[in-house]
$ cat entry.cif   # mmCIF, N, CA and C atoms
data_upload
loop_
_atom_site.group_PDB
_atom_site.id
_atom_site.type_symbol
_atom_site.label_atom_id
_atom_site.label_comp_id
_atom_site.auth_asym_id
_atom_site.auth_seq_id
_atom_site.Cartn_x
_atom_site.Cartn_y
_atom_site.Cartn_z
ATOM 1 N N MET P 480 -19.336 -23.155 9.428
ATOM 2 C CA MET P 480 -19.162 -22.098 8.466
ATOM 3 C C MET P 480 -20.511 -21.429 8.200
ATOM 4 N N ASN P 481 -20.496 -20.147 8.301
ATOM 5 C CA ASN P 481 -21.717 -19.375 8.077
ATOM 6 C C ASN P 481 -21.612 -18.680 6.726
ATOM 7 N N GLN P 482 -22.029 -19.376 5.687
ATOM 8 C CA GLN P 482 -21.947 -18.786 4.361
ATOM 9 C C GLN P 482 -23.260 -18.086 4.026
ATOM 10 N N LYS P 483 -23.127 -16.942 3.370
ATOM 11 C CA LYS P 483 -24.302 -16.169 3.013
ATOM 12 C C LYS P 483 -24.877 -16.673 1.699
ATOM 13 N N THR P 484 -26.183 -16.608 1.606
ATOM 14 C CA THR P 484 -26.829 -16.991 0.363
ATOM 15 C C THR P 484 -26.733 -15.819 -0.617
ATOM 16 N N GLU P 485 -27.047 -16.108 -1.865
ATOM 17 C CA GLU P 485 -27.021 -15.055 -2.889
ATOM 18 C C GLU P 485 -28.035 -13.969 -2.562
ATOM 19 N N PHE P 486 -29.179 -14.357 -2.009
ATOM 20 C CA PHE P 486 -30.198 -13.381 -1.628
ATOM 21 C C PHE P 486 -29.673 -12.429 -0.563
ATOM 22 N N GLN P 487 -28.991 -12.944 0.431
ATOM 23 C CA GLN P 487 -28.438 -12.101 1.495
ATOM 24 C C GLN P 487 -27.375 -11.158 0.946
ATOM 25 N N LYS P 488 -26.540 -11.660 0.045
ATOM 26 C CA LYS P 488 -25.525 -10.806 -0.566
ATOM 27 C C LYS P 488 -26.178 -9.693 -1.385
ATOM 28 N N SER P 489 -27.219 -10.047 -2.116
ATOM 29 C CA SER P 489 -27.924 -9.054 -2.930
ATOM 30 C C SER P 489 -28.561 -7.989 -2.052
ATOM 31 N N MET P 490 -29.203 -8.407 -0.966
ATOM 32 C CA MET P 490 -29.856 -7.445 -0.078
ATOM 33 C C MET P 490 -28.837 -6.524 0.590
ATOM 34 N N GLU P 491 -27.685 -7.051 0.964
ATOM 35 C CA GLU P 491 -26.634 -6.211 1.534
ATOM 36 C C GLU P 491 -26.136 -5.195 0.514
ATOM 37 N N THR P 492 -26.005 -5.626 -0.720
ATOM 38 C CA THR P 492 -25.560 -4.716 -1.781
ATOM 39 C C THR P 492 -26.588 -3.621 -2.009
ATOM 40 N N TYR P 493 -27.872 -3.993 -2.099
ATOM 41 C CA TYR P 493 -28.926 -2.999 -2.295
ATOM 42 C C TYR P 493 -28.987 -2.019 -1.119
ATOM 43 N N ALA P 494 -28.858 -2.524 0.086
ATOM 44 C CA ALA P 494 -28.878 -1.652 1.264
ATOM 45 C C ALA P 494 -27.708 -0.672 1.234
ATOM 46 N N PHE P 495 -26.547 -1.157 0.846
ATOM 47 C CA PHE P 495 -25.373 -0.289 0.744
ATOM 48 C C PHE P 495 -25.580 0.787 -0.319
ATOM 49 N N LEU P 496 -26.100 0.401 -1.480
ATOM 50 C CA LEU P 496 -26.332 1.368 -2.547
ATOM 51 C C LEU P 496 -27.377 2.410 -2.161
ATOM 52 N N ILE P 497 -28.426 1.978 -1.486
ATOM 53 C CA ILE P 497 -29.452 2.926 -1.027
ATOM 54 C C ILE P 497 -28.865 3.885 -0.002
ATOM 55 N N ALA P 498 -28.045 3.374 0.907
ATOM 56 C CA ALA P 498 -27.411 4.227 1.918
ATOM 57 C C ALA P 498 -26.465 5.241 1.268
ATOM 58 N N MET P 499 -25.675 4.803 0.302
ATOM 59 C CA MET P 499 -24.740 5.719 -0.373
ATOM 60 C C MET P 499 -25.487 6.769 -1.189
ATOM 61 N N THR P 500 -26.578 6.379 -1.831
ATOM 62 C CA THR P 500 -27.394 7.334 -2.573
ATOM 63 C C THR P 500 -28.013 8.351 -1.628
ATOM 64 N N GLY P 501 -28.472 7.877 -0.482
ATOM 65 C CA GLY P 501 -29.031 8.777 0.518
ATOM 66 C C GLY P 501 -28.002 9.769 1.038
ATOM 67 N N LEU P 502 -26.794 9.294 1.295
ATOM 68 C CA LEU P 502 -25.729 10.190 1.755
ATOM 69 C C LEU P 502 -25.363 11.213 0.689
ATOM 70 N N PHE P 503 -25.355 10.785 -0.574
ATOM 71 C CA PHE P 503 -25.050 11.695 -1.670
ATOM 72 C C PHE P 503 -26.106 12.800 -1.770
ATOM 73 N N LEU P 504 -27.373 12.405 -1.732
ATOM 74 C CA LEU P 504 -28.445 13.398 -1.823
ATOM 75 C C LEU P 504 -28.471 14.300 -0.585
ATOM 76 N N LEU P 505 -28.188 13.731 0.569
ATOM 77 C CA LEU P 505 -28.130 14.521 1.796
ATOM 78 C C LEU P 505 -27.007 15.545 1.737
ATOM 79 N N SER P 506 -25.882 15.169 1.143
ATOM 80 C CA SER P 506 -24.772 16.118 1.029
ATOM 81 C C SER P 506 -25.148 17.280 0.108
ATOM 82 N N ILE P 507 -25.925 17.010 -0.938
ATOM 83 C CA ILE P 507 -26.376 18.086 -1.817
ATOM 84 C C ILE P 507 -27.307 19.028 -1.064
ATOM 85 N N VAL P 508 -28.235 18.472 -0.308
ATOM 86 C CA VAL P 508 -29.175 19.290 0.465
ATOM 87 C C VAL P 508 -28.433 20.098 1.521
ATOM 88 N N MET P 509 -27.475 19.479 2.201
ATOM 89 C CA MET P 509 -26.714 20.187 3.228
ATOM 90 C C MET P 509 -25.892 21.322 2.618
ATOM 91 N N ALA P 510 -25.289 21.090 1.455
ATOM 92 C CA ALA P 510 -24.515 22.136 0.787
ATOM 93 C C ALA P 510 -25.422 23.299 0.402
ATOM 94 N N ALA P 511 -26.630 22.996 -0.036
ATOM 95 C CA ALA P 511 -27.581 24.055 -0.391
ATOM 96 C C ALA P 511 -27.989 24.844 0.849
ATOM 97 N N MET P 512 -28.164 24.161 1.958
ATOM 98 C CA MET P 512 -28.548 24.850 3.191
ATOM 99 C C MET P 512 -27.419 25.746 3.690
ATOM 100 N N VAL P 513 -26.180 25.257 3.618
ATOM 101 C CA VAL P 513 -25.032 26.021 4.099
ATOM 102 C C VAL P 513 -24.821 27.273 3.246
ATOM 103 N N THR P 514 -25.017 27.149 1.932
ATOM 104 C CA THR P 514 -24.813 28.288 1.038
ATOM 105 C C THR P 514 -26.075 29.122 0.852
ATOM 106 N N ASP P 515 -27.135 28.792 1.578
ATOM 107 C CA ASP P 515 -28.394 29.545 1.573
ATOM 108 C C ASP P 515 -29.008 29.595 0.170
ATOM 109 N N GLN P 516 -29.044 28.447 -0.471
ATOM 110 C CA GLN P 516 -29.647 28.327 -1.801
ATOM 111 C C GLN P 516 -30.959 27.556 -1.700
ATOM 112 N N ASN P 517 -31.860 27.838 -2.631
ATOM 113 C CA ASN P 517 -33.105 27.099 -2.717
ATOM 114 C C ASN P 517 -32.974 26.115 -3.881
ATOM 115 N N LEU P 518 -33.020 24.822 -3.589
ATOM 116 C CA LEU P 518 -32.829 23.814 -4.630
ATOM 117 C C LEU P 518 -33.926 23.864 -5.686
ATOM 118 N N PHE P 519 -35.153 24.132 -5.271
ATOM 119 C CA PHE P 519 -36.262 24.127 -6.213
ATOM 120 C C PHE P 519 -36.219 25.315 -7.162
ATOM 121 N N SER P 520 -35.577 26.397 -6.768
ATOM 122 C CA SER P 520 -35.480 27.536 -7.676
ATOM 123 C C SER P 520 -34.471 27.269 -8.798
ATOM 124 N N MET P 521 -33.604 26.281 -8.624
ATOM 125 C CA MET P 521 -32.617 25.944 -9.651
ATOM 126 C C MET P 521 -33.195 25.041 -10.732
ATOM 127 N N LEU P 522 -34.314 24.391 -10.441
ATOM 128 C CA LEU P 522 -34.918 23.484 -11.405
ATOM 129 C C LEU P 522 -35.704 24.287 -12.440
ATOM 130 N N PRO P 523 -35.739 23.812 -13.687
ATOM 131 C CA PRO P 523 -36.518 24.538 -14.699
ATOM 132 C C PRO P 523 -38.010 24.436 -14.411
ATOM 133 N N LYS P 524 -38.734 25.473 -14.765
ATOM 134 C CA LYS P 524 -40.178 25.472 -14.580
ATOM 135 C C LYS P 524 -40.812 24.548 -15.608
ATOM 136 N N PHE P 525 -41.806 23.797 -15.191
ATOM 137 C CA PHE P 525 -42.469 22.871 -16.099
ATOM 138 C C PHE P 525 -43.450 23.618 -16.977
ATOM 139 N N SER P 526 -43.444 23.259 -18.252
ATOM 140 C CA SER P 526 -44.378 23.819 -19.211
ATOM 141 C C SER P 526 -44.872 22.686 -20.093
ATOM 142 N N TRP P 527 -46.126 22.739 -20.452
ATOM 143 C CA TRP P 527 -46.670 21.706 -21.322
ATOM 144 C C TRP P 527 -46.058 21.776 -22.713
ATOM 145 N N ASP P 528 -45.430 22.882 -23.054
ATOM 146 C CA ASP P 528 -44.734 22.983 -24.336
ATOM 147 C C ASP P 528 -43.516 22.067 -24.390
ATOM 148 N N MET P 529 -43.028 21.651 -23.239
ATOM 149 C CA MET P 529 -41.870 20.769 -23.179
ATOM 150 C C MET P 529 -42.242 19.327 -23.527
ATOM 151 N N VAL P 530 -43.525 19.004 -23.481
ATOM 152 C CA VAL P 530 -43.996 17.649 -23.719
ATOM 153 C C VAL P 530 -44.324 17.491 -25.205
ATOM 154 N N ASN P 531 -43.826 16.424 -25.813
ATOM 155 C CA ASN P 531 -44.114 16.168 -27.216
ATOM 156 C C ASN P 531 -45.567 15.736 -27.379
ATOM 157 N N SER P 532 -46.202 16.250 -28.414
ATOM 158 C CA SER P 532 -47.560 15.806 -28.707
ATOM 159 C C SER P 532 -47.480 14.527 -29.529
ATOM 160 N N LEU P 533 -48.614 13.857 -29.663
ATOM 161 C CA LEU P 533 -48.650 12.606 -30.405
ATOM 162 C C LEU P 533 -48.317 12.853 -31.872
ATOM 163 N N ASP P 534 -48.749 13.980 -32.430
ATOM 164 C CA ASP P 534 -48.433 14.304 -33.825
ATOM 165 C C ASP P 534 -46.924 14.451 -34.031
ATOM 166 N N GLU P 535 -46.240 15.088 -33.100
ATOM 167 C CA GLU P 535 -44.789 15.258 -33.211
ATOM 168 C C GLU P 535 -44.076 13.920 -33.121
ATOM 169 N N ILE P 536 -44.602 13.029 -32.300
ATOM 170 C CA ILE P 536 -43.979 11.712 -32.128
ATOM 171 C C ILE P 536 -44.153 10.890 -33.397
ATOM 172 N N LEU P 537 -45.338 10.946 -33.988
ATOM 173 C CA LEU P 537 -45.615 10.135 -35.172
ATOM 174 C C LEU P 537 -44.910 10.659 -36.427
ATOM 175 N N LYS P 538 -44.517 11.934 -36.440
ATOM 176 C CA LYS P 538 -43.827 12.504 -37.596
ATOM 177 C C LYS P 538 -42.414 11.937 -37.742
ATOM 178 N N ARG P 539 -41.833 11.450 -36.687
ATOM 179 C CA ARG P 539 -40.447 10.962 -36.716
ATOM 180 C C ARG P 539 -40.331 9.651 -37.353
#
$ encode --input "entry.cif" --output "structure tokens"
Amino acid sequence: MNQKTEFQKSMETYAFLIAMTGLFLLSIVMAAMVTDQNLFSMLPKFSWDMVNSLDEILKR
């Protein structure tokens, strides 16, 4: 009987999850390419105003 250890089961699960995440992200990129969209133009522009200052954090 060839029983798998818990470590082997865990590694198989992690590999499966990484593969599924990769396929999901690849499908998003492929859909953007097919529809001629730029993914980075859809993201909000970064501004330092979006970051809380220490004074704002301590006021809460």
$ select_by_dssp --input "entry.cif" --residues "chain P" --states "alpha helix (DSSP H)" --output "ChimeraX atom specification"
/P:485-513,518-521,533-538
$ write_last_selection --input "entry.cif" --atoms "N, CA and C atoms" --output "compact mmCIF listing (two decimals), keeping the file's coordinate frame"
# COMPACT_ATOMS: atom_id res chain seq x y z
N GLU P 485 -27.05 -16.11 -1.86
CA GLU P 485 -27.02 -15.06 -2.89
C GLU P 485 -28.04 -13.97 -2.56
N PHE P 486 -29.18 -14.36 -2.01
CA PHE P 486 -30.20 -13.38 -1.63
C PHE P 486 -29.67 -12.43 -0.56
N GLN P 487 -28.99 -12.94 0.43
CA GLN P 487 -28.44 -12.10 1.50
C GLN P 487 -27.38 -11.16 0.95
N LYS P 488 -26.54 -11.66 0.04
CA LYS P 488 -25.52 -10.81 -0.57
C LYS P 488 -26.18 -9.69 -1.38
N SER P 489 -27.22 -10.05 -2.12
CA SER P 489 -27.92 -9.05 -2.93
C SER P 489 -28.56 -7.99 -2.05
N MET P 490 -29.20 -8.41 -0.97
CA MET P 490 -29.86 -7.44 -0.08
C MET P 490 -28.84 -6.52 0.59
N GLU P 491 -27.68 -7.05 0.96
CA GLU P 491 -26.63 -6.21 1.53
C GLU P 491 -26.14 -5.20 0.51
N THR P 492 -26.00 -5.63 -0.72
CA THR P 492 -25.56 -4.72 -1.78
C THR P 492 -26.59 -3.62 -2.01
N TYR P 493 -27.87 -3.99 -2.10
CA TYR P 493 -28.93 -3.00 -2.30
C TYR P 493 -28.99 -2.02 -1.12
N ALA P 494 -28.86 -2.52 0.09
CA ALA P 494 -28.88 -1.65 1.26
C ALA P 494 -27.71 -0.67 1.23
N PHE P 495 -26.55 -1.16 0.85
CA PHE P 495 -25.37 -0.29 0.74
C PHE P 495 -25.58 0.79 -0.32
N LEU P 496 -26.10 0.40 -1.48
CA LEU P 496 -26.33 1.37 -2.55
C LEU P 496 -27.38 2.41 -2.16
N ILE P 497 -28.43 1.98 -1.49
CA ILE P 497 -29.45 2.93 -1.03
C ILE P 497 -28.86 3.88 0.00
N ALA P 498 -28.04 3.37 0.91
CA ALA P 498 -27.41 4.23 1.92
C ALA P 498 -26.46 5.24 1.27
N MET P 499 -25.68 4.80 0.30
CA MET P 499 -24.74 5.72 -0.37
C MET P 499 -25.49 6.77 -1.19
N THR P 500 -26.58 6.38 -1.83
CA THR P 500 -27.39 7.33 -2.57
C THR P 500 -28.01 8.35 -1.63
N GLY P 501 -28.47 7.88 -0.48
CA GLY P 501 -29.03 8.78 0.52
C GLY P 501 -28.00 9.77 1.04
N LEU P 502 -26.79 9.29 1.30
CA LEU P 502 -25.73 10.19 1.76
C LEU P 502 -25.36 11.21 0.69
N PHE P 503 -25.36 10.78 -0.57
CA PHE P 503 -25.05 11.70 -1.67
C PHE P 503 -26.11 12.80 -1.77
N LEU P 504 -27.37 12.40 -1.73
CA LEU P 504 -28.44 13.40 -1.82
C LEU P 504 -28.47 14.30 -0.58
N LEU P 505 -28.19 13.73 0.57
CA LEU P 505 -28.13 14.52 1.80
C LEU P 505 -27.01 15.54 1.74
N SER P 506 -25.88 15.17 1.14
CA SER P 506 -24.77 16.12 1.03
C SER P 506 -25.15 17.28 0.11
N ILE P 507 -25.92 17.01 -0.94
CA ILE P 507 -26.38 18.09 -1.82
C ILE P 507 -27.31 19.03 -1.06
N VAL P 508 -28.24 18.47 -0.31
CA VAL P 508 -29.18 19.29 0.46
C VAL P 508 -28.43 20.10 1.52
N MET P 509 -27.48 19.48 2.20
CA MET P 509 -26.71 20.19 3.23
C MET P 509 -25.89 21.32 2.62
N ALA P 510 -25.29 21.09 1.46
CA ALA P 510 -24.52 22.14 0.79
C ALA P 510 -25.42 23.30 0.40
N ALA P 511 -26.63 23.00 -0.04
CA ALA P 511 -27.58 24.06 -0.39
C ALA P 511 -27.99 24.84 0.85
N MET P 512 -28.16 24.16 1.96
CA MET P 512 -28.55 24.85 3.19
C MET P 512 -27.42 25.75 3.69
N VAL P 513 -26.18 25.26 3.62
CA VAL P 513 -25.03 26.02 4.10
C VAL P 513 -24.82 27.27 3.25
N LEU P 518 -33.02 24.82 -3.59
CA LEU P 518 -32.83 23.81 -4.63
C LEU P 518 -33.93 23.86 -5.69
N PHE P 519 -35.15 24.13 -5.27
CA PHE P 519 -36.26 24.13 -6.21
C PHE P 519 -36.22 25.32 -7.16
N SER P 520 -35.58 26.40 -6.77
CA SER P 520 -35.48 27.54 -7.68
C SER P 520 -34.47 27.27 -8.80
N MET P 521 -33.60 26.28 -8.62
CA MET P 521 -32.62 25.94 -9.65
C MET P 521 -33.20 25.04 -10.73
N LEU P 533 -48.61 13.86 -29.66
CA LEU P 533 -48.65 12.61 -30.40
C LEU P 533 -48.32 12.85 -31.87
N ASP P 534 -48.75 13.98 -32.43
CA ASP P 534 -48.43 14.30 -33.83
C ASP P 534 -46.92 14.45 -34.03
N GLU P 535 -46.24 15.09 -33.10
CA GLU P 535 -44.79 15.26 -33.21
C GLU P 535 -44.08 13.92 -33.12
N ILE P 536 -44.60 13.03 -32.30
CA ILE P 536 -43.98 11.71 -32.13
C ILE P 536 -44.15 10.89 -33.40
N LEU P 537 -45.34 10.95 -33.99
CA LEU P 537 -45.62 10.14 -35.17
C LEU P 537 -44.91 10.66 -36.43
N LYS P 538 -44.52 11.93 -36.44
CA LYS P 538 -43.83 12.50 -37.60
C LYS P 538 -42.41 11.94 -37.74
$ atom_distance --input "entry.cif" --atom1 "atom N of Glu491 (chain P)" --atom2 "atom C of Leu505 (chain P)"
22.6 Å
$ atom_distance --input "entry.cif" --atom1 "CA of Met499 (chain P)" --atom2 "CA of Lys483 (chain P)"
22.2 Å
$ atom_distance --input "entry.cif" --atom1 "atom C of Val508 (chain P)" --atom2 "atom N of Leu496 (chain P)"
20.1 Å
